[in-house]
Amino acid sequence: MTKATARAHSNIALVKYWGKRDIQLNLPARGSVSMTLEGLSTETTVEFGDDLSRDELKLNEEVAHEADRERISGFLDLIRAEAGIEQFARIQSSNNFPTAAGLASSASGFAALALAGSTAAGLDLSKRELSILARRGSGSAARSIFGGFVRMHAGNQNDGLDAYAEPIEVAEHWDLRCVVAVTARGPKKVGSTLGMNTTERTSPYYRAWLDTVNPHIEESIHAIRKRDFEHLADVAEASCLAMHASAIAARPGVLYWRGITVGLIHFVRELRASGLPVFFTIDAGPHVKVFCEGDAVSEVRKNLQDFDGVIDTITAKPGGSAELIEE
Ligand code: DP6
């Protein structure tokens, strides 16, 4: 095998990852919990060949920027070292969701690349090994190897072999929906890697944030297993706000929110107070991700679409694990 294609879905953290215990191996300081999103996916083909003098990357049909090519090439070096090969590769990767909206694509991207790249290189990795590999590309990508509801372990070994994700429940367990309220176009200004490094180095609230994570992980797993929406709402909003509070307190403050982001936080709370079961979460950008159960999704979507300034909404249900696609 020298060529393989894989698809992986993006995911949204319900208990956030924000901070690293090792930058070189990209080890998270704490674990996290997420839902994999059906529909928001990346498809990646990797083909190793003797005719290439360096890796070639196309993203969404276009030749990629050099910085992106180098990041991907560095990741393929890990695969080459493990497989004992020296060939370079042609990589084609496309997202089926609007990249221009600045929605995270590194999770689905590195999960698909880990699976396609390792398979094309002749490796037959277990899901745990794939998760460990994907983590080297991006922490959140380790979770996108699995479908449904997923837990990431921070681990404590120096080699990072205990920092992997594993499933909590499969996608069919709970008809939870995520409606993304897209609030801006264009890529975000401060990427998550830089944002979390600045928080770790300078925020007086970084330690306090870390102290919230393990209890939140246990609570959220309990709520997911029991399909306890109210409890999950409470934990997910607390984790999101604690993460952003630590980031905002950094020097310089890492502030991802726009006015509309705050407007939507209040709006989601008003909807909940009026009897519609919803909660929000926000990542390293201005968009607001609103969770509800399947029976409420059309009402939630309509409310968000009508909200002044919301550009678009993207709705997803729990998705499956990363998979190879037969050619
Ligand atoms: C706010 O996985 O993008 O979305 O490991 O540096 O690539 P790197 O970071 P990344 O960070 C995700 C941060 C977050 C929360 C989360 O997804 O857990």
# chains A, B, ... in the order shown; residues from 1 in each chain; ligands from 1
>>> residues_near_ligand(ligand="ligand 1", cutoff="9 Å", atoms="only C-alpha atoms and all ligand atoms", output="ChimeraX atom specification")
/A:11-20,23,26-28,31-34,104-107,135-143,191-197,240,243-244,282-285
>>> select_by_dssp(residues="region 10-207 of chain A", states="alpha helix (DSSP H)", output="PDB file with N, CA and C atoms, in the first residue's frame")
ATOM      1  N   GLU A  66       3.050  27.635   2.361  1.00  0.00           N
ATOM      2  CA  GLU A  66       4.262  26.940   2.791  1.00  0.00           C
ATOM      3  C   GLU A  66       4.193  26.551   4.281  1.00  0.00           C
ATOM      4  N   ALA A  67       3.639  27.424   5.112  1.00  0.00           N
ATOM      5  CA  ALA A  67       3.575  27.121   6.553  1.00  0.00           C
ATOM      6  C   ALA A  67       2.723  25.868   6.802  1.00  0.00           C
ATOM      7  N   ASP A  68       1.615  25.755   6.072  1.00  0.00           N
ATOM      8  CA  ASP A  68       0.757  24.572   6.221  1.00  0.00           C
ATOM      9  C   ASP A  68       1.484  23.326   5.712  1.00  0.00           C
ATOM     10  N   ARG A  69       2.168  23.482   4.580  1.00  0.00           N
ATOM     11  CA  ARG A  69       2.899  22.347   3.995  1.00  0.00           C
ATOM     12  C   ARG A  69       3.960  21.838   4.966  1.00  0.00           C
ATOM     13  N   GLU A  70       4.651  22.780   5.610  1.00  0.00           N
ATOM     14  CA  GLU A  70       5.710  22.370   6.546  1.00  0.00           C
ATOM     15  C   GLU A  70       5.140  21.662   7.777  1.00  0.00           C
ATOM     16  N   ARG A  71       3.996  22.140   8.257  1.00  0.00           N
ATOM     17  CA  ARG A  71       3.385  21.505   9.436  1.00  0.00           C
ATOM     18  C   ARG A  71       2.986  20.056   9.101  1.00  0.00           C
ATOM     19  N   ILE A  72       2.407  19.874   7.911  1.00  0.00           N
ATOM     20  CA  ILE A  72       1.968  18.539   7.479  1.00  0.00           C
ATOM     21  C   ILE A  72       3.185  17.646   7.215  1.00  0.00           C
ATOM     22  N   SER A  73       4.216  18.242   6.624  1.00  0.00           N
ATOM     23  CA  SER A  73       5.416  17.483   6.306  1.00  0.00           C
ATOM     24  C   SER A  73       6.092  16.996   7.594  1.00  0.00           C
ATOM     25  N   GLY A  74       6.120  17.867   8.596  1.00  0.00           N
ATOM     26  CA  GLY A  74       6.679  17.475   9.900  1.00  0.00           C
ATOM     27  C   GLY A  74       5.906  16.316  10.506  1.00  0.00           C
ATOM     28  N   PHE A  75       4.597  16.329  10.310  1.00  0.00           N
ATOM     29  CA  PHE A  75       3.755  15.246  10.827  1.00  0.00           C
ATOM     30  C   PHE A  75       4.044  13.946  10.068  1.00  0.00           C
ATOM     31  N   LEU A  76       4.200  14.046   8.748  1.00  0.00           N
ATOM     32  CA  LEU A  76       4.512  12.843   7.955  1.00  0.00           C
ATOM     33  C   LEU A  76       5.880  12.275   8.310  1.00  0.00           C
ATOM     34  N   ASP A  77       6.802  13.154   8.772  1.00  0.00           N
ATOM     35  CA  ASP A  77       8.109  12.656   9.230  1.00  0.00           C
ATOM     36  C   ASP A  77       7.944  11.634  10.353  1.00  0.00           C
ATOM     37  N   LEU A  78       6.961  11.867  11.225  1.00  0.00           N
ATOM     38  CA  LEU A  78       6.717  10.924  12.334  1.00  0.00           C
ATOM     39  C   LEU A  78       6.308   9.564  11.767  1.00  0.00           C
ATOM     40  N   ILE A  79       5.456   9.601  10.751  1.00  0.00           N
ATOM     41  CA  ILE A  79       4.978   8.360  10.127  1.00  0.00           C
ATOM     42  C   ILE A  79       6.117   7.669   9.382  1.00  0.00           C
ATOM     43  N   ARG A  80       6.914   8.479   8.662  1.00  0.00           N
ATOM     44  CA  ARG A  80       8.054   7.882   7.920  1.00  0.00           C
ATOM     45  C   ARG A  80       9.014   7.203   8.883  1.00  0.00           C
ATOM     46  N   ALA A  81       9.283   7.864  10.016  1.00  0.00           N
ATOM     47  CA  ALA A  81      10.222   7.288  10.981  1.00  0.00           C
ATOM     48  C   ALA A  81       9.691   5.956  11.513  1.00  0.00           C
ATOM     49  N   GLU A  82       8.394   5.919  11.801  1.00  0.00           N
ATOM     50  CA  GLU A  82       7.807   4.701  12.364  1.00  0.00           C
ATOM     51  C   GLU A  82       7.757   3.577  11.329  1.00  0.00           C
ATOM     52  N   ALA A  83       7.502   3.943  10.064  1.00  0.00           N
ATOM     53  CA  ALA A  83       7.368   2.928   9.014  1.00  0.00           C
ATOM     54  C   ALA A  83       8.723   2.566   8.395  1.00  0.00           C
ATOM     55  N   SER A 106      -8.416  21.565  12.288  1.00  0.00           N
ATOM     56  CA  SER A 106      -7.234  20.774  12.636  1.00  0.00           C
ATOM     57  C   SER A 106      -7.629  19.429  13.246  1.00  0.00           C
ATOM     58  N   ALA A 107      -8.774  19.359  13.916  1.00  0.00           N
ATOM     59  CA  ALA A 107      -9.175  18.099  14.556  1.00  0.00           C
ATOM     60  C   ALA A 107      -9.479  17.038  13.500  1.00  0.00           C
ATOM     61  N   SER A 108     -10.407  17.361  12.576  1.00  0.00           N
ATOM     62  CA  SER A 108     -10.729  16.393  11.521  1.00  0.00           C
ATOM     63  C   SER A 108      -9.528  16.220  10.589  1.00  0.00           C
ATOM     64  N   GLY A 109      -8.785  17.292  10.360  1.00  0.00           N
ATOM     65  CA  GLY A 109      -7.656  17.250   9.427  1.00  0.00           C
ATOM     66  C   GLY A 109      -6.553  16.292   9.867  1.00  0.00           C
ATOM     67  N   PHE A 110      -6.090  16.433  11.109  1.00  0.00           N
ATOM     68  CA  PHE A 110      -4.998  15.558  11.553  1.00  0.00           C
ATOM     69  C   PHE A 110      -5.476  14.135  11.846  1.00  0.00           C
ATOM     70  N   ALA A 111      -6.756  13.966  12.195  1.00  0.00           N
ATOM     71  CA  ALA A 111      -7.261  12.602  12.383  1.00  0.00           C
ATOM     72  C   ALA A 111      -7.285  11.878  11.037  1.00  0.00           C
ATOM     73  N   ALA A 112      -7.779  12.563   9.989  1.00  0.00           N
ATOM     74  CA  ALA A 112      -7.807  11.940   8.656  1.00  0.00           C
ATOM     75  C   ALA A 112      -6.395  11.704   8.135  1.00  0.00           C
ATOM     76  N   LEU A 113      -5.503  12.659   8.395  1.00  0.00           N
ATOM     77  CA  LEU A 113      -4.116  12.513   7.918  1.00  0.00           C
ATOM     78  C   LEU A 113      -3.396  11.365   8.632  1.00  0.00           C
ATOM     79  N   ALA A 114      -3.647  11.213   9.927  1.00  0.00           N
ATOM     80  CA  ALA A 114      -3.011  10.119  10.679  1.00  0.00           C
ATOM     81  C   ALA A 114      -3.421   8.774  10.094  1.00  0.00           C
ATOM     82  N   LEU A 115      -4.718   8.621   9.808  1.00  0.00           N
ATOM     83  CA  LEU A 115      -5.213   7.342   9.291  1.00  0.00           C
ATOM     84  C   LEU A 115      -4.754   7.104   7.849  1.00  0.00           C
ATOM     85  N   ALA A 116      -4.932   8.113   6.980  1.00  0.00           N
ATOM     86  CA  ALA A 116      -4.535   7.931   5.573  1.00  0.00           C
ATOM     87  C   ALA A 116      -3.018   7.775   5.462  1.00  0.00           C
ATOM     88  N   GLY A 117      -2.266   8.613   6.174  1.00  0.00           N
ATOM     89  CA  GLY A 117      -0.799   8.586   6.078  1.00  0.00           C
ATOM     90  C   GLY A 117      -0.203   7.290   6.600  1.00  0.00           C
ATOM     91  N   SER A 118      -0.691   6.832   7.771  1.00  0.00           N
ATOM     92  CA  SER A 118      -0.118   5.607   8.342  1.00  0.00           C
ATOM     93  C   SER A 118      -0.479   4.402   7.482  1.00  0.00           C
ATOM     94  N   THR A 119      -1.697   4.386   6.943  1.00  0.00           N
ATOM     95  CA  THR A 119      -2.105   3.263   6.089  1.00  0.00           C
ATOM     96  C   THR A 119      -1.291   3.256   4.795  1.00  0.00           C
ATOM     97  N   ALA A 120      -1.143   4.435   4.181  1.00  0.00           N
ATOM     98  CA  ALA A 120      -0.368   4.519   2.934  1.00  0.00           C
ATOM     99  C   ALA A 120       1.088   4.102   3.157  1.00  0.00           C
ATOM    100  N   LYS A 127      -6.573   1.823  17.028  1.00  0.00           N
ATOM    101  CA  LYS A 127      -7.215   3.136  17.210  1.00  0.00           C
ATOM    102  C   LYS A 127      -6.491   3.959  18.273  1.00  0.00           C
ATOM    103  N   ARG A 128      -6.008   3.278  19.304  1.00  0.00           N
ATOM    104  CA  ARG A 128      -5.281   4.012  20.340  1.00  0.00           C
ATOM    105  C   ARG A 128      -3.988   4.593  19.776  1.00  0.00           C
ATOM    106  N   GLU A 129      -3.281   3.796  18.974  1.00  0.00           N
ATOM    107  CA  GLU A 129      -2.040   4.291  18.363  1.00  0.00           C
ATOM    108  C   GLU A 129      -2.332   5.446  17.404  1.00  0.00           C
ATOM    109  N   LEU A 130      -3.448   5.347  16.688  1.00  0.00           N
ATOM    110  CA  LEU A 130      -3.830   6.438  15.781  1.00  0.00           C
ATOM    111  C   LEU A 130      -4.133   7.711  16.564  1.00  0.00           C
ATOM    112  N   SER A 131      -4.791   7.546  17.708  1.00  0.00           N
ATOM    113  CA  SER A 131      -5.132   8.697  18.537  1.00  0.00           C
ATOM    114  C   SER A 131      -3.858   9.378  19.054  1.00  0.00           C
ATOM    115  N   ILE A 132      -2.893   8.563  19.467  1.00  0.00           N
ATOM    116  CA  ILE A 132      -1.611   9.092  19.950  1.00  0.00           C
ATOM    117  C   ILE A 132      -0.883   9.822  18.817  1.00  0.00           C
ATOM    118  N   LEU A 133      -0.942   9.238  17.627  1.00  0.00           N
ATOM    119  CA  LEU A 133      -0.303   9.876  16.464  1.00  0.00           C
ATOM    120  C   LEU A 133      -1.009  11.187  16.103  1.00  0.00           C
ATOM    121  N   ALA A 134      -2.342  11.156  16.014  1.00  0.00           N
ATOM    122  CA  ALA A 134      -3.100  12.357  15.640  1.00  0.00           C
ATOM    123  C   ALA A 134      -2.844  13.493  16.632  1.00  0.00           C
ATOM    124  N   ARG A 135      -2.668  13.147  17.905  1.00  0.00           N
ATOM    125  CA  ARG A 135      -2.408  14.159  18.937  1.00  0.00           C
ATOM    126  C   ARG A 135      -1.164  14.969  18.645  1.00  0.00           C
ATOM    127  N   ARG A 136      -0.161  14.335  18.010  1.00  0.00           N
ATOM    128  CA  ARG A 136       1.075  15.059  17.696  1.00  0.00           C
ATOM    129  C   ARG A 136       0.791  16.198  16.721  1.00  0.00           C
ATOM    130  N   GLY A 137      -0.233  16.020  15.880  1.00  0.00           N
ATOM    131  CA  GLY A 137      -0.604  17.070  14.935  1.00  0.00           C
ATOM    132  C   GLY A 137      -1.416  18.164  15.597  1.00  0.00           C
ATOM    133  N   SER A 192      -5.236  28.486  18.441  1.00  0.00           N
ATOM    134  CA  SER A 192      -5.363  27.930  19.791  1.00  0.00           C
ATOM    135  C   SER A 192      -4.012  27.597  20.412  1.00  0.00           C
ATOM    136  N   THR A 193      -3.035  27.152  19.595  1.00  0.00           N
ATOM    137  CA  THR A 193      -1.726  26.800  20.175  1.00  0.00           C
ATOM    138  C   THR A 193      -1.105  28.026  20.849  1.00  0.00           C
ATOM    139  N   LEU A 194      -1.080  29.150  20.128  1.00  0.00           N
ATOM    140  CA  LEU A 194      -0.508  30.377  20.686  1.00  0.00           C
ATOM    141  C   LEU A 194      -1.354  30.878  21.855  1.00  0.00           C
ATOM    142  N   GLY A 195      -2.682  30.816  21.701  1.00  0.00           N
ATOM    143  CA  GLY A 195      -3.573  31.291  22.767  1.00  0.00           C
ATOM    144  C   GLY A 195      -3.354  30.527  24.068  1.00  0.00           C
ATOM    145  N   MET A 196      -3.227  29.216  23.959  1.00  0.00           N
ATOM    146  CA  MET A 196      -3.049  28.463  25.213  1.00  0.00           C
ATOM    147  C   MET A 196      -1.648  28.626  25.779  1.00  0.00           C
ATOM    148  N   ASN A 197      -0.643  28.771  24.910  1.00  0.00           N
ATOM    149  CA  ASN A 197       0.712  28.998  25.430  1.00  0.00           C
ATOM    150  C   ASN A 197       0.792  30.328  26.176  1.00  0.00           C
ATOM    151  N   THR A 198       0.151  31.373  25.626  1.00  0.00           N
ATOM    152  CA  THR A 198       0.152  32.674  26.296  1.00  0.00           C
ATOM    153  C   THR A 198      -0.575  32.573  27.643  1.00  0.00           C
ATOM    154  N   THR A 199      -1.681  31.835  27.664  1.00  0.00           N
ATOM    155  CA  THR A 199      -2.435  31.662  28.905  1.00  0.00           C
ATOM    156  C   THR A 199      -1.578  30.969  29.971  1.00  0.00           C
ATOM    157  N   GLU A 200      -0.925  29.865  29.559  1.00  0.00           N
ATOM    158  CA  GLU A 200      -0.077  29.110  30.492  1.00  0.00           C
ATOM    159  C   GLU A 200       1.036  29.969  31.084  1.00  0.00           C
ATOM    160  N   ARG A 201       1.659  30.751  30.224  1.00  0.00           N
ATOM    161  CA  ARG A 201       2.823  31.520  30.661  1.00  0.00           C
ATOM    162  C   ARG A 201       2.448  32.705  31.523  1.00  0.00           C
ATOM    163  N   THR A 202       1.297  33.328  31.250  1.00  0.00           N
ATOM    164  CA  THR A 202       1.069  34.638  31.861  1.00  0.00           C
ATOM    165  C   THR A 202      -0.231  34.786  32.649  1.00  0.00           C
ATOM    166  N   TYR A 206      -4.484  30.527  35.315  1.00  0.00           N
ATOM    167  CA  TYR A 206      -4.250  29.267  34.603  1.00  0.00           C
ATOM    168  C   TYR A 206      -4.357  28.060  35.543  1.00  0.00           C
ATOM    169  N   ARG A 207      -3.709  28.137  36.723  1.00  0.00           N
ATOM    170  CA  ARG A 207      -3.756  27.008  37.674  1.00  0.00           C
ATOM    171  C   ARG A 207      -5.200  26.747  38.118  1.00  0.00           C
TER     172      ARG A 207
END
>>> residues_around(residues="Ser41 (chain A)", least_positions_apart="2", cutoff="8 Å", atoms="only C-alpha atoms", output="ChimeraX atom specification")
/A:7-10,37-39,43,95-97,108
>>> write_last_selection(atoms="N, CA and C atoms", output="short mmCIF file (atom, residue, chain, number, x, y, z; two decimals), in the first residue's frame")
data_model
loop_
_atom_site.label_atom_id
_atom_site.label_comp_id
_atom_site.auth_asym_id
_atom_site.auth_seq_id
_atom_site.Cartn_x
_atom_site.Cartn_y
_atom_site.Cartn_z
N ARG A 7 -11.44 9.55 5.93
CA ARG A 7 -12.33 10.64 6.31
C ARG A 7 -12.43 10.68 7.84
N ALA A 8 -12.42 11.89 8.37
CA ALA A 8 -12.63 12.03 9.82
C ALA A 8 -13.51 13.25 10.05
N HIS A 9 -14.24 13.23 11.16
CA HIS A 9 -15.14 14.33 11.49
C HIS A 9 -14.50 15.25 12.54
N SER A 10 -14.97 16.48 12.50
CA SER A 10 -14.55 17.43 13.52
C SER A 10 -15.19 17.06 14.86
N LEU A 37 -18.65 15.30 15.41
CA LEU A 37 -19.74 15.90 14.65
C LEU A 37 -19.89 15.29 13.26
N GLU A 38 -21.03 14.67 13.04
CA GLU A 38 -21.29 14.15 11.71
C GLU A 38 -21.40 15.31 10.73
N GLY A 39 -20.92 15.11 9.51
CA GLY A 39 -21.11 16.15 8.49
C GLY A 39 -19.95 17.12 8.39
N GLU A 43 -11.63 14.97 4.18
CA GLU A 43 -11.23 13.78 3.44
C GLU A 43 -9.82 13.99 2.95
N ASN A 95 -12.08 19.91 3.11
CA ASN A 95 -13.11 19.99 4.15
C ASN A 95 -14.45 20.18 3.46
N ASN A 96 -15.49 19.57 4.01
CA ASN A 96 -16.81 19.80 3.41
C ASN A 96 -17.57 20.89 4.16
N PHE A 97 -16.87 21.61 5.05
CA PHE A 97 -17.52 22.73 5.74
C PHE A 97 -16.75 23.99 5.42
N SER A 108 -10.41 17.36 12.58
CA SER A 108 -10.73 16.39 11.52
C SER A 108 -9.53 16.22 10.59
#
>>> residues_around(residues="Val235 (chain A)", least_positions_apart="6", cutoff="10 Å", atoms="only C-alpha atoms", output="list in words")
Leu14, Val15, Pro215, His216, Ile217, Glu218, Glu219, Ser220, Ala223, Leu241 and Phe279 of chain A
>>> write_last_selection(atoms="N, CA, C and O atoms", output="PDB file, in the first residue's frame")
ATOM      1  N   LEU A  14     -16.834  19.472  25.113  1.00  0.00           N
ATOM      2  CA  LEU A  14     -17.810  19.831  26.151  1.00  0.00           C
ATOM      3  C   LEU A  14     -17.064  20.185  27.434  1.00  0.00           C
ATOM      4  O   LEU A  14     -17.492  21.040  28.200  1.00  0.00           O
ATOM      5  N   VAL A  15     -15.947  19.510  27.674  1.00  0.00           N
ATOM      6  CA  VAL A  15     -14.990  19.931  28.706  1.00  0.00           C
ATOM      7  C   VAL A  15     -13.695  20.212  27.955  1.00  0.00           C
ATOM      8  O   VAL A  15     -13.173  19.345  27.253  1.00  0.00           O
ATOM      9  N   PRO A 215     -12.666  17.367  37.804  1.00  0.00           N
ATOM     10  CA  PRO A 215     -14.057  17.212  38.277  1.00  0.00           C
ATOM     11  C   PRO A 215     -15.076  17.387  37.152  1.00  0.00           C
ATOM     12  O   PRO A 215     -16.065  16.656  37.090  1.00  0.00           O
ATOM     13  N   HIS A 216     -14.828  18.318  36.240  1.00  0.00           N
ATOM     14  CA  HIS A 216     -15.754  18.518  35.117  1.00  0.00           C
ATOM     15  C   HIS A 216     -15.795  17.289  34.208  1.00  0.00           C
ATOM     16  O   HIS A 216     -16.849  16.946  33.668  1.00  0.00           O
ATOM     17  N   ILE A 217     -14.643  16.653  34.012  1.00  0.00           N
ATOM     18  CA  ILE A 217     -14.621  15.447  33.162  1.00  0.00           C
ATOM     19  C   ILE A 217     -15.512  14.370  33.782  1.00  0.00           C
ATOM     20  O   ILE A 217     -16.366  13.786  33.102  1.00  0.00           O
ATOM     21  N   GLU A 218     -15.332  14.126  35.083  1.00  0.00           N
ATOM     22  CA  GLU A 218     -16.132  13.073  35.742  1.00  0.00           C
ATOM     23  C   GLU A 218     -17.622  13.407  35.663  1.00  0.00           C
ATOM     24  O   GLU A 218     -18.439  12.556  35.343  1.00  0.00           O
ATOM     25  N   GLU A 219     -17.961  14.656  35.949  1.00  0.00           N
ATOM     26  CA  GLU A 219     -19.376  15.065  35.907  1.00  0.00           C
ATOM     27  C   GLU A 219     -19.968  14.920  34.515  1.00  0.00           C
ATOM     28  O   GLU A 219     -21.096  14.468  34.347  1.00  0.00           O
ATOM     29  N   SER A 220     -19.213  15.323  33.515  1.00  0.00           N
ATOM     30  CA  SER A 220     -19.766  15.298  32.149  1.00  0.00           C
ATOM     31  C   SER A 220     -19.955  13.858  31.678  1.00  0.00           C
ATOM     32  O   SER A 220     -20.932  13.548  30.990  1.00  0.00           O
ATOM     33  N   ALA A 223     -23.109  12.657  33.179  1.00  0.00           N
ATOM     34  CA  ALA A 223     -24.276  13.270  32.520  1.00  0.00           C
ATOM     35  C   ALA A 223     -24.512  12.662  31.137  1.00  0.00           C
ATOM     36  O   ALA A 223     -25.652  12.409  30.747  1.00  0.00           O
ATOM     37  N   LEU A 241     -16.615  28.719  30.187  1.00  0.00           N
ATOM     38  CA  LEU A 241     -16.389  30.050  30.766  1.00  0.00           C
ATOM     39  C   LEU A 241     -15.102  30.086  31.589  1.00  0.00           C
ATOM     40  O   LEU A 241     -14.384  31.093  31.581  1.00  0.00           O
ATOM     41  N   PHE A 279     -27.814  24.787  25.607  1.00  0.00           N
ATOM     42  CA  PHE A 279     -26.647  25.388  26.274  1.00  0.00           C
ATOM     43  C   PHE A 279     -25.626  25.763  25.213  1.00  0.00           C
ATOM     44  O   PHE A 279     -25.718  25.325  24.065  1.00  0.00           O
TER      45      PHE A 279
END
>>> closest_residue(among="A:Lys189, A:Val288, A:Asn158, A:Lys58", to="Leu255 (chain A)", atoms="only C-alpha atoms")
A:Lys189
>>> closest_residue(among="A:Ile265, A:Ala233, A:Ala238, A:Ile91", to="Glu62 (chain A)", atoms="only C-alpha atoms")
A:Ile91
>>> closest_residue(among="A:Val254, A:Arg21, A:Val310, A:Gly122", to="Met1 (chain A)", atoms="only C-alpha atoms")
A:Gly122
>>> residues_around(residues="region 149-152 of chain A", least_positions_apart="2", cutoff="8 Å", atoms="only C-alpha atoms", output="PyMOL selection string")
chain A and resi 31-36+142-143+146-147+154+163-171+224+318
>>> residues_around(residues="region 291-298 of chain A", least_positions_apart="4", cutoff="6 Å", atoms="only C-alpha atoms", output="ChimeraX atom specification")
/A:175-178,278-279
>>> write_last_selection(atoms="C-alpha atoms", output="PDB file, in the first residue's frame")
ATOM      1  CA  ASP A 175     -29.593  12.356  19.852  1.00  0.00           C
ATOM      2  CA  LEU A 176     -27.749  15.501  20.881  1.00  0.00           C
ATOM      3  CA  ARG A 177     -27.310  18.234  18.264  1.00  0.00           C
ATOM      4  CA  CYS A 178     -24.807  21.008  17.867  1.00  0.00           C
ATOM      5  CA  VAL A 278     -30.181  24.587  25.205  1.00  0.00           C
ATOM      6  CA  PHE A 279     -26.647  25.388  26.274  1.00  0.00           C
TER       7      PHE A 279
END
>>> atom_distance(atom1="CA of Ile145 (chain A)", atom2="CA of Glu323 (chain A)")
8.3 Å
